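Student: To be precise about what I am sending: the file is called my_file.txt and holds compact mmCIF, C-alpha atoms.
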```txt
# COMPACT_ATOMS: atom_id res chain seq x y z
CA MET X 144 46.15 5.44 -7.86
CA GLU X 145 49.67 5.59 -9.37
CA ILE X 146 50.78 2.54 -11.28
CA ASN X 147 54.08 1.38 -12.74
CA ILE X 148 54.20 0.88 -16.48
CA GLY X 149 55.83 -1.92 -18.43
CA ILE X 150 56.27 -1.54 -22.19
CA SER X 151 56.07 -4.83 -24.09
CA ASN X 152 58.07 -4.96 -27.28
CA ARG X 153 56.95 -7.47 -29.92
CA HIS X 154 57.36 -11.00 -28.56
CA VAL X 155 56.38 -14.63 -28.94
CA HIS X 156 54.95 -17.25 -26.57
CA LEU X 157 55.43 -20.86 -27.67
CA LYS X 158 53.96 -24.28 -27.00
CA GLN X 159 56.54 -27.08 -26.61
CA GLU X 160 55.52 -28.67 -29.90
CA ASP X 161 56.50 -25.46 -31.71
CA VAL X 162 59.72 -25.11 -29.64
CA ASP X 163 60.63 -28.60 -30.91
CA ILE X 164 60.15 -27.52 -34.53
CA LEU X 165 61.87 -24.13 -34.21
CA PHE X 166 64.81 -25.07 -31.96
CA GLY X 167 65.01 -28.89 -32.05
CA LYS X 168 63.34 -31.92 -30.46
CA ASP X 169 62.90 -31.58 -26.66
CA TYR X 170 64.73 -28.23 -26.70
CA VAL X 171 64.50 -26.34 -23.38
CA LEU X 172 64.18 -22.53 -23.53
CA THR X 173 67.02 -20.64 -21.77
CA LYS X 174 66.09 -17.95 -19.27
CA LYS X 175 67.81 -14.63 -20.01
CA ARG X 176 66.12 -12.48 -17.37
CA ASP X 177 63.06 -12.49 -15.15
CA LEU X 178 60.12 -10.26 -16.07
CA SER X 179 58.07 -8.35 -13.51
CA GLN X 180 55.26 -10.94 -13.46
CA LEU X 181 56.14 -13.93 -11.27
CA GLY X 182 57.51 -16.92 -13.19
CA GLN X 183 57.61 -15.09 -16.54
CA TYR X 184 60.96 -14.58 -18.23
CA ALA X 185 62.63 -13.38 -21.41
CA CYS X 186 64.54 -16.15 -23.14
CA GLU X 187 67.87 -16.12 -24.95
CA GLU X 188 66.01 -17.56 -27.95
CA MET X 189 64.70 -15.36 -30.74
CA VAL X 190 62.72 -16.05 -33.91
CA THR X 191 61.99 -14.24 -37.16
CA LEU X 192 58.40 -13.24 -37.95
CA LYS X 193 57.68 -13.86 -41.62
CA THR X 194 54.77 -12.92 -43.87
CA GLU X 195 54.33 -12.68 -47.63
CA LYS X 196 55.17 -8.99 -47.42
CA ASN X 197 58.13 -8.79 -45.06
CA GLU X 198 60.14 -10.13 -42.12
CA ILE X 199 61.03 -8.90 -38.63
CA ALA X 200 64.12 -10.60 -37.23
CA ARG X 201 65.33 -11.05 -33.64
CA VAL X 202 61.93 -11.26 -31.95
CA ARG X 203 62.25 -12.38 -28.33
CA VAL X 204 60.67 -15.60 -27.08
CA LEU X 205 59.13 -15.34 -23.59
CA GLY X 206 58.97 -18.30 -21.23
CA PRO X 207 57.77 -20.56 -19.81
CA VAL X 208 56.14 -22.54 -22.62
CA ARG X 209 52.36 -22.20 -22.85
CA LYS X 210 49.55 -24.41 -24.14
CA TYR X 211 49.36 -22.28 -27.30
CA SER X 212 51.75 -20.28 -29.46
CA GLN X 213 51.00 -16.56 -29.70
CA VAL X 214 52.68 -13.57 -31.35
CA GLU X 215 52.12 -10.08 -29.92
CA ILE X 216 53.02 -7.15 -32.17
CA SER X 217 52.25 -3.44 -32.43
CA LYS X 218 50.22 -1.76 -35.19
CA THR X 219 53.52 -0.34 -36.48
CA ASP X 220 54.86 -3.91 -36.78
CA ALA X 221 51.57 -4.93 -38.40
CA PHE X 222 52.10 -2.34 -41.18
CA THR X 223 55.67 -3.61 -41.66
CA LEU X 224 54.40 -7.17 -42.00
CA GLY X 225 51.26 -6.37 -43.99
CA LEU X 226 48.97 -7.85 -41.32
CA ASN X 227 45.77 -6.64 -39.68
CA PRO X 228 45.72 -8.39 -36.29
CA PRO X 229 42.81 -7.86 -33.90
CA VAL X 230 43.20 -6.21 -30.49
CA ARG X 231 42.86 -9.09 -28.04
CA GLU X 232 43.49 -10.33 -24.56
CA SER X 233 46.33 -12.84 -24.37
CA GLY X 234 45.07 -16.33 -25.23
CA ASP X 235 42.00 -15.15 -27.18
CA LEU X 236 43.24 -16.23 -30.59
CA SER X 237 40.18 -17.30 -32.58
CA ASP X 238 40.21 -15.55 -35.97
CA SER X 239 43.47 -13.78 -35.13
CA GLU X 240 46.08 -13.29 -37.85
CA ALA X 241 48.16 -15.99 -39.53
CA ILE X 242 51.95 -15.64 -39.30
CA THR X 243 55.06 -17.74 -39.82
CA LEU X 244 57.82 -18.13 -37.22
CA VAL X 245 61.33 -19.02 -38.34
CA GLY X 246 63.82 -20.56 -35.90
CA PRO X 247 67.28 -22.07 -36.36
CA LYS X 248 65.88 -25.58 -36.89
CA GLY X 249 62.59 -25.02 -38.67
CA GLU X 250 59.50 -22.97 -39.42
CA VAL X 251 56.06 -22.93 -37.83
CA HIS X 252 53.07 -21.50 -39.68
CA LEU X 253 50.35 -20.38 -37.28
CA GLU X 254 46.96 -20.21 -39.01
CA GLU X 255 45.92 -18.01 -36.11
CA GLY X 256 48.03 -16.58 -33.29
CA CYS X 257 49.07 -13.02 -34.11
CA ILE X 258 47.38 -10.25 -32.08
CA ILE X 259 47.81 -6.69 -30.88
CA ALA X 260 47.60 -7.12 -27.11
CA SER X 261 44.92 -5.12 -25.30
CA ARG X 262 46.15 -2.49 -22.89
CA HIS X 263 45.90 -4.22 -19.52
CA ILE X 264 46.67 -3.96 -15.83
CA HIS X 265 47.97 -6.93 -13.87
CA ALA X 266 46.67 -6.83 -10.30
CA ASN X 267 46.29 -9.25 -7.42
CA PRO X 268 43.08 -9.39 -5.36
CA GLU X 269 44.63 -7.19 -2.64
CA ASP X 270 45.51 -4.50 -5.18
CA VAL X 271 41.96 -4.64 -6.51
CA LYS X 272 40.53 -4.15 -3.02
CA ARG X 273 42.97 -1.38 -2.08
CA LEU X 274 42.23 0.49 -5.34
CA GLY X 275 38.47 0.05 -4.97
CA LEU X 276 38.25 -1.76 -8.30
CA GLU X 277 36.16 -4.77 -7.24
CA GLY X 278 33.92 -5.79 -10.13
CA VAL X 279 35.56 -3.29 -12.51
CA SER X 280 36.74 -4.87 -15.77
CA GLU X 281 38.05 -1.78 -17.54
CA VAL X 282 39.48 1.59 -16.49
CA ASP X 283 40.98 4.70 -18.06
CA VAL X 284 44.59 5.61 -17.30
CA LEU X 285 46.08 9.11 -17.32
CA LEU X 286 49.59 9.38 -18.70
CA PRO X 287 51.41 12.62 -17.87
CA GLY X 288 53.87 14.52 -20.03
CA GLU X 289 54.32 16.59 -23.17
CA LYS X 290 52.56 13.95 -25.25
CA GLY X 291 50.45 12.67 -22.41
CA GLY X 292 46.80 11.75 -22.53
CA ILE X 293 44.22 9.31 -21.27
CA LEU X 294 44.13 5.70 -22.40
CA HIS X 295 40.70 4.15 -22.76
CA HIS X 296 39.81 0.44 -22.63
CA VAL X 297 42.49 -0.69 -20.21
CA SER X 298 41.39 -4.11 -18.96
CA ILE X 299 42.10 -5.43 -15.47
CA LYS X 300 43.49 -8.95 -15.15
CA VAL X 301 43.42 -10.37 -11.65
CA ASP X 302 45.47 -13.27 -10.29
CA PRO X 303 46.96 -13.91 -6.84
CA THR X 304 50.45 -14.12 -8.42
CA TYR X 305 50.23 -10.81 -10.29
CA VAL X 306 52.37 -7.76 -9.56
CA LEU X 307 50.51 -4.45 -10.05
CA GLU X 308 51.61 -3.07 -13.42
CA LEU X 309 50.14 -1.46 -16.54
CA HIS X 310 51.27 -3.23 -19.71
CA LEU X 311 51.34 -1.25 -22.94
CA ASP X 312 52.76 -1.96 -26.37
CA THR X 313 55.55 0.08 -27.96
CA ASP X 314 53.10 2.19 -29.99
CA ASP X 315 51.36 3.38 -26.83
CA GLY X 316 54.72 3.79 -25.10
CA ASN X 317 56.30 5.82 -27.89
CA ALA X 318 53.19 7.89 -28.68
CA HIS X 319 53.11 9.04 -25.05
CA LEU X 320 56.92 9.26 -24.62
CA ILE X 321 56.80 6.76 -21.74
CA THR X 322 60.13 6.26 -19.94
CA LYS X 323 61.09 3.89 -17.12
CA GLU X 324 60.15 6.69 -14.71
CA THR X 325 56.65 7.43 -16.07
CA LYS X 326 53.77 6.43 -13.80
CA GLY X 327 50.16 6.06 -14.90
CA ILE X 328 47.20 7.30 -12.86
CA ILE X 329 44.16 5.01 -12.79
CA ILE X 330 40.94 6.96 -13.37
CA LYS X 331 37.81 5.29 -12.07
CA GLU X 332 35.36 7.80 -13.52
CA LYS X 333 34.89 7.09 -17.22
CA THR X 334 36.09 9.93 -19.46
CA HIS X 335 34.12 8.62 -22.45
CA GLU X 336 31.05 6.54 -23.39
CA MET J 99 33.34 19.37 -32.75
CA GLU J 100 34.37 16.52 -35.09
CA ILE J 101 37.65 16.98 -36.89
CA ASN J 102 39.42 15.15 -39.70
CA ILE J 103 42.78 13.59 -38.89
CA GLY J 104 45.93 13.58 -40.98
CA ILE J 105 48.78 11.26 -40.00
CA SER J 106 52.22 12.64 -40.83
CA ASN J 107 54.86 10.05 -41.56
CA ARG J 108 58.50 11.07 -41.05
CA HIS J 109 59.39 13.84 -43.51
CA VAL J 110 61.81 16.60 -44.34
CA HIS J 111 61.39 20.31 -45.18
CA LEU J 112 64.36 21.89 -46.99
CA LYS J 113 65.78 25.33 -47.65
CA GLN J 114 66.99 25.89 -51.23
CA GLU J 115 70.64 25.94 -50.15
CA ASP J 116 70.25 22.37 -48.84
CA VAL J 117 68.25 21.30 -51.93
CA ASP J 118 71.27 22.46 -53.97
CA ILE J 119 73.65 20.29 -51.95
CA LEU J 120 71.39 17.20 -51.82
CA PHE J 121 70.00 17.23 -55.38
CA GLY J 122 72.26 19.59 -57.36
CA LYS J 123 72.72 23.33 -57.92
CA ASP J 124 69.41 25.20 -58.57
CA TYR J 125 67.49 21.91 -58.45
CA VAL J 126 63.71 22.39 -58.36
CA LEU J 127 61.66 19.98 -56.22
CA THR J 128 59.06 17.95 -58.18
CA LYS J 129 55.49 17.92 -56.88
CA LYS J 130 54.15 14.37 -56.44
CA ARG J 131 50.80 15.19 -54.83
CA ASP J 132 49.09 18.02 -53.00
CA LEU J 133 48.66 17.79 -49.23
CA SER J 134 45.53 18.92 -47.42
CA GLN J 135 47.04 22.27 -46.40
CA LEU J 136 46.92 24.81 -49.25
CA GLY J 137 50.17 25.09 -51.22
CA GLN J 138 51.86 22.21 -49.39
CA TYR J 139 52.85 19.12 -51.35
CA ALA J 140 54.73 15.84 -51.17
CA CYS J 141 57.69 15.75 -53.57
CA GLU J 142 59.04 12.95 -55.71
CA GLU J 143 62.37 13.50 -53.96
CA MET J 144 63.44 11.46 -50.96
CA VAL J 145 66.49 11.51 -48.68
CA THR J 146 68.14 9.16 -46.22
CA LEU J 147 68.32 10.17 -42.55
CA LYS J 148 71.71 9.23 -41.13
CA THR J 149 73.10 9.18 -37.59
CA GLU J 150 76.07 7.47 -35.96
CA LYS J 151 73.75 4.64 -34.93
CA ASN J 152 71.63 3.96 -37.99
CA GLU J 153 69.91 5.12 -41.17
CA ILE J 154 66.33 5.47 -42.39
CA ALA J 155 66.05 5.50 -46.18
CA ARG J 156 63.34 6.85 -48.50
CA VAL J 157 62.17 9.75 -46.32
CA ARG J 158 59.83 12.04 -48.25
CA VAL J 159 60.70 15.69 -48.90
CA LEU J 160 57.74 18.09 -48.59
CA GLY J 161 57.51 21.29 -50.60
CA PRO J 162 57.68 24.14 -51.16
CA VAL J 163 61.16 25.04 -49.90
CA ARG J 164 61.27 26.88 -46.58
CA LYS J 165 63.67 29.33 -44.95
CA TYR J 166 65.03 26.49 -42.80
CA SER J 167 65.57 22.75 -43.11
CA GLN J 168 63.67 20.59 -40.64
CA VAL J 169 63.27 16.86 -40.04
CA GLU J 170 60.11 15.56 -38.34
CA ILE J 171 60.26 12.02 -36.97
CA SER J 172 58.38 9.89 -34.47
CA LYS J 173 59.74 8.59 -31.15
CA THR J 174 59.89 5.14 -32.77
CA ASP J 175 62.14 6.59 -35.49
CA ALA J 176 64.16 8.37 -32.79
CA PHE J 177 64.92 5.02 -31.12
CA THR J 178 65.94 3.57 -34.50
CA LEU J 179 68.30 6.50 -35.10
CA GLY J 180 69.57 6.81 -31.51
CA LEU J 181 68.28 10.39 -31.18
CA ASN J 182 66.34 12.21 -28.48
CA PRO J 183 64.57 15.03 -30.32
CA PRO J 184 62.40 17.52 -28.43
CA VAL J 185 58.64 17.84 -28.99
CA ARG J 186 58.30 21.12 -30.86
CA GLU J 187 56.12 23.27 -33.06
CA SER J 188 57.33 23.40 -36.66
CA GLY J 189 60.08 26.02 -37.04
CA ASP J 190 61.09 26.05 -33.35
CA LEU J 191 64.47 24.40 -33.85
CA SER J 192 66.80 25.91 -31.24
CA ASP J 193 68.56 23.09 -29.37
CA SER J 194 66.77 20.46 -31.44
CA GLU J 195 68.65 17.33 -32.52
CA ALA J 196 71.50 17.11 -35.02
CA ILE J 197 71.00 14.82 -38.01
CA THR J 198 72.53 14.16 -41.42
CA LEU J 199 70.55 14.11 -44.68
CA VAL J 200 71.87 12.14 -47.64
CA GLY J 201 70.69 12.91 -51.17
CA PRO J 202 71.81 11.69 -54.59
CA LYS J 203 74.28 14.58 -55.00
CA GLY J 204 75.52 15.25 -51.48
CA GLU J 205 75.08 15.27 -47.71
CA VAL J 206 73.85 17.99 -45.36
CA HIS J 207 74.62 17.86 -41.66
CA LEU J 208 72.08 19.83 -39.61
CA GLU J 209 73.51 20.84 -36.24
CA GLU J 210 69.91 21.39 -35.20
CA GLY J 211 66.72 20.60 -37.11
CA CYS J 212 65.32 17.24 -35.98
CA ILE J 213 62.13 17.36 -33.89
CA ILE J 214 59.10 15.32 -32.88
CA ALA J 215 56.25 17.55 -34.08
CA SER J 216 53.71 18.62 -31.47
CA ARG J 217 50.20 17.37 -31.96
CA HIS J 218 48.42 20.27 -33.62
CA ILE J 219 45.23 21.43 -35.26
CA HIS J 220 45.27 23.61 -38.37
CA ALA J 221 42.33 26.02 -38.34
CA ASN J 222 41.36 29.23 -40.09
CA PRO J 223 39.85 32.13 -38.14
CA GLU J 224 36.33 31.11 -39.19
CA ASP J 225 36.85 27.59 -37.84
CA VAL J 226 38.12 29.07 -34.58
CA LYS J 227 35.02 31.24 -34.25
CA ARG J 228 32.60 28.46 -35.21
CA LEU J 229 34.20 26.09 -32.70
CA GLY J 230 34.27 28.72 -29.94
CA LEU J 231 38.03 28.42 -29.61
CA GLU J 232 38.95 32.12 -29.67
CA GLY J 233 41.98 32.68 -27.44
CA VAL J 234 42.46 28.95 -26.84
CA SER J 235 45.99 27.75 -27.58
CA GLU J 236 45.63 24.09 -26.62
CA VAL J 237 42.81 21.55 -26.48
CA ASP J 238 42.27 17.88 -25.74
CA VAL J 239 41.01 15.58 -28.48
CA LEU J 240 38.99 12.40 -27.99
CA LEU J 241 39.87 9.53 -30.33
CA PRO J 242 37.27 6.75 -30.50
CA GLY J 243 37.89 3.05 -30.94
CA GLU J 244 39.26 -0.10 -29.37
CA LYS J 245 42.53 1.65 -28.54
CA GLY J 246 41.02 5.08 -28.30
CA GLY J 247 41.73 7.72 -25.72
CA ILE J 248 42.17 11.43 -25.16
CA LEU J 249 45.18 13.32 -26.49
CA HIS J 250 46.44 16.14 -24.32
CA HIS J 251 48.48 19.16 -25.43
CA VAL J 252 47.06 19.54 -28.91
CA SER J 253 48.04 23.05 -30.04
CA ILE J 254 45.90 25.20 -32.34
CA LYS J 255 47.62 26.89 -35.28
CA VAL J 256 45.55 29.56 -36.99
CA ASP J 257 46.03 30.97 -40.48
CA PRO J 258 43.53 32.18 -43.09
CA THR J 259 44.87 29.57 -45.55
CA TYR J 260 44.50 26.60 -43.20
CA VAL J 261 42.10 23.72 -43.70
CA LEU J 262 40.66 22.35 -40.44
CA GLU J 263 42.59 19.18 -39.62
CA LEU J 264 44.27 17.46 -36.68
CA HIS J 265 47.85 16.44 -37.48
CA LEU J 266 49.37 13.53 -35.58
CA ASP J 267 52.55 11.53 -36.04
CA THR J 268 52.60 7.83 -36.84
CA ASP J 269 53.14 6.84 -33.19
CA ASP J 270 49.91 8.58 -32.16
CA GLY J 271 48.17 7.22 -35.26
CA ASN J 272 49.25 3.63 -34.71
CA ALA J 273 48.79 3.65 -30.92
CA HIS J 274 45.16 4.68 -31.42
CA LEU J 275 44.58 2.58 -34.56
CA ILE J 276 43.65 5.69 -36.56
CA THR J 277 42.37 4.98 -40.08
CA LYS J 278 41.38 7.36 -42.89
CA GLU J 279 37.83 7.21 -41.52
CA THR J 280 38.62 8.07 -37.88
CA LYS J 281 37.41 11.47 -36.68
CA GLY J 282 38.63 13.25 -33.55
CA ILE J 283 36.35 15.11 -31.16
CA ILE J 284 37.67 18.40 -29.81
CA ILE J 285 37.15 18.68 -26.04
CA LYS J 286 37.13 22.17 -24.66
CA GLU J 287 36.93 21.20 -21.00
CA LYS J 288 40.39 20.15 -19.81
CA THR J 289 40.58 16.50 -18.75
CA HIS J 290 43.83 17.06 -16.85
CA GLU J 291 45.87 19.73 -15.01
```
Represent the structure contained in this file as structure tokens.

Tutor:
Amino acid sequence: MEINIGISNRHVHLKQEDVDILFGKDYVLTKKRDLSQLGQYACEEMVTLKTEKNEIARVRVLGPVRKYSQVEISKTDAFTLGLNPPVRESGDLSDSEAITLVGPKGEVHLEEGCIIASRHIHANPEDVKRLGLEGVSEVDVLLPGEKGGILHHVSIKVDPTYVLELHLDTDDGNAHLITKETKGIIIKEKTHE
Amino acid sequence: MEINIGISNRHVHLKQEDVDILFGKDYVLTKKRDLSQLGQYACEEMVTLKTEKNEIARVRVLGPVRKYSQVEISKTDAFTLGLNPPVRESGDLSDSEAITLVGPKGEVHLEEGCIIASRHIHANPEDVKRLGLEGVSEVDVLLPGEKGGILHHVSIKVDPTYVLELHLDTDDGNAHLITKETKGIIIKEKTHE
């Protein structure tokens, strides 16, 4: 039940309309490197996150463009920016936090769009079957090490294109001293209510 | 088995010799506010942490002075500063990281002194007895909530002056969305090897 771990630093997904405002009309995002999930990539482009309280510069844009713009930050970032974003699955943005994106050509104010991403596992249907996780929407994951522990509320996202991987934010990664070598262990028996 | 939680932001303990260098000869630290542990207090004084890679300004000094100077940071801070400090109990500084402190009157370079503090519980002997933790050096602690989980390797520090409290760094606090209201639950049965 070992699983690879990917740590997601703060990042932004954009719809083309917002790419146009931030980087220029009909601008095409430039792939910098592929990510582990098929078709997903980090772009050369970066934006600044801006709130009334503060700014965080050099925040990576991920491609390809989506149907909605979304900003994923950690709780540590949220304190820096003076925001209180909800913990959400990607794409579930109703009543999420407002935030402003600043690009080289313009600014976009999102009335909603800023979230703390839920801990989640990407898996394809074969992984789900092999791991005996059919019908399971949430698991616990054991993280080994000096500051190890058990993560609760790790959701399972299934798609035929997915590569099996646990995605955590930088707060979870740093709290548990996760390195590129750290593997998680999926626990099927609940360790809590 | 509920326990209050205190989140420790990055901070510095100083010996008088280093206070003299940073703030001036025979300088006396100024109490800003008492901390939960008896006799411990946050000072008005702050220093800058400096490494070859970066700086973190406005880092709080805690009093009273100790026999050794020690810097406690989070893994997130360690990435900012380009350091790789070990996870240690307070005072266990052999082979810990080097770091430079900058005060208004001078700089102190510590060849060792920078650590990531172990997760720990302060308890007095009566707490230990009441909780049935006699002879137990380490427990697990359940943290509730949307990004809750179980912390492993939480050490127990016993002293007659201690007030029962779980001390975590900001990475653990932010990863688990700990607020002033969050209580931990001490788990005596190990949830891991």

Student: Calculate how many Å separate atom CA of X:Arg176 from atom CA of X:Ile150, rounding to one decimal.

Tutor: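 These two atoms are separated by 15.5 Å.
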
Student: What's around stretch 197-212 of chain X at 10 Å? Count only C-alpha atoms, leave out sequence neighbours fewer than 4 positions away in its own chain, and write the answer as a ChimeraX atom specification.

Tutor: /X:152-162,171-178,182-193,216,220,222-226,234,236,243-246,251,253,255-257

Student: Contacts from chain X to chain J, 7 Å maximum, all atoms listed in the file: show me the residue list as a count of residues only.

Tutor: 14

Student: Please work out which residues fall within 10 Å of (41.7, 32.1, -32.1), coordinates as given in the file, with only C-alpha atoms counting, and return them as a compact mmCIF listing (two decimals) with C-alpha atoms, keeping the file's coordinate frame.

Tutor:
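Output file out_21.txt is given in full below:
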```txt
# COMPACT_ATOMS: atom_id res chain seq x y z
CA ALA J 221 42.33 26.02 -38.34
CA ASN J 222 41.36 29.23 -40.09
CA PRO J 223 39.85 32.13 -38.14
CA GLU J 224 36.33 31.11 -39.19
CA ASP J 225 36.85 27.59 -37.84
CA VAL J 226 38.12 29.07 -34.58
CA LYS J 227 35.02 31.24 -34.25
CA LEU J 229 34.20 26.09 -32.70
CA GLY J 230 34.27 28.72 -29.94
CA LEU J 231 38.03 28.42 -29.61
CA GLU J 232 38.95 32.12 -29.67
CA GLY J 233 41.98 32.68 -27.44
CA VAL J 234 42.46 28.95 -26.84
CA SER J 235 45.99 27.75 -27.58
CA ILE J 254 45.90 25.20 -32.34
CA LYS J 255 47.62 26.89 -35.28
CA VAL J 256 45.55 29.56 -36.99
CA ASP J 257 46.03 30.97 -40.48
```

Student: Please measure the separation of atom CA of J:Ala196 and atom CA of J:Lys151, giving the value in Å to one decimal.

Tutor: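 These atoms are spaced 12.7 Å apart.
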
Student: Mind pulling up the distance from atom CA of X:Ser151 to atom CA of X:His265?

Tutor: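 Interatomic distance, atom CA of X:His265 to atom CA of X:Ser151: 13.2 Å.
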
Student: My list of candidates is J:Thr149, J:Asn102, J:Gln135, J:Ser194. Which is closest to J:Glu263 when distances are computed with all atoms listed in the file?

Tutor: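 The shortest atom-to-atom distance to J:Glu263 comes from J:Asn102.
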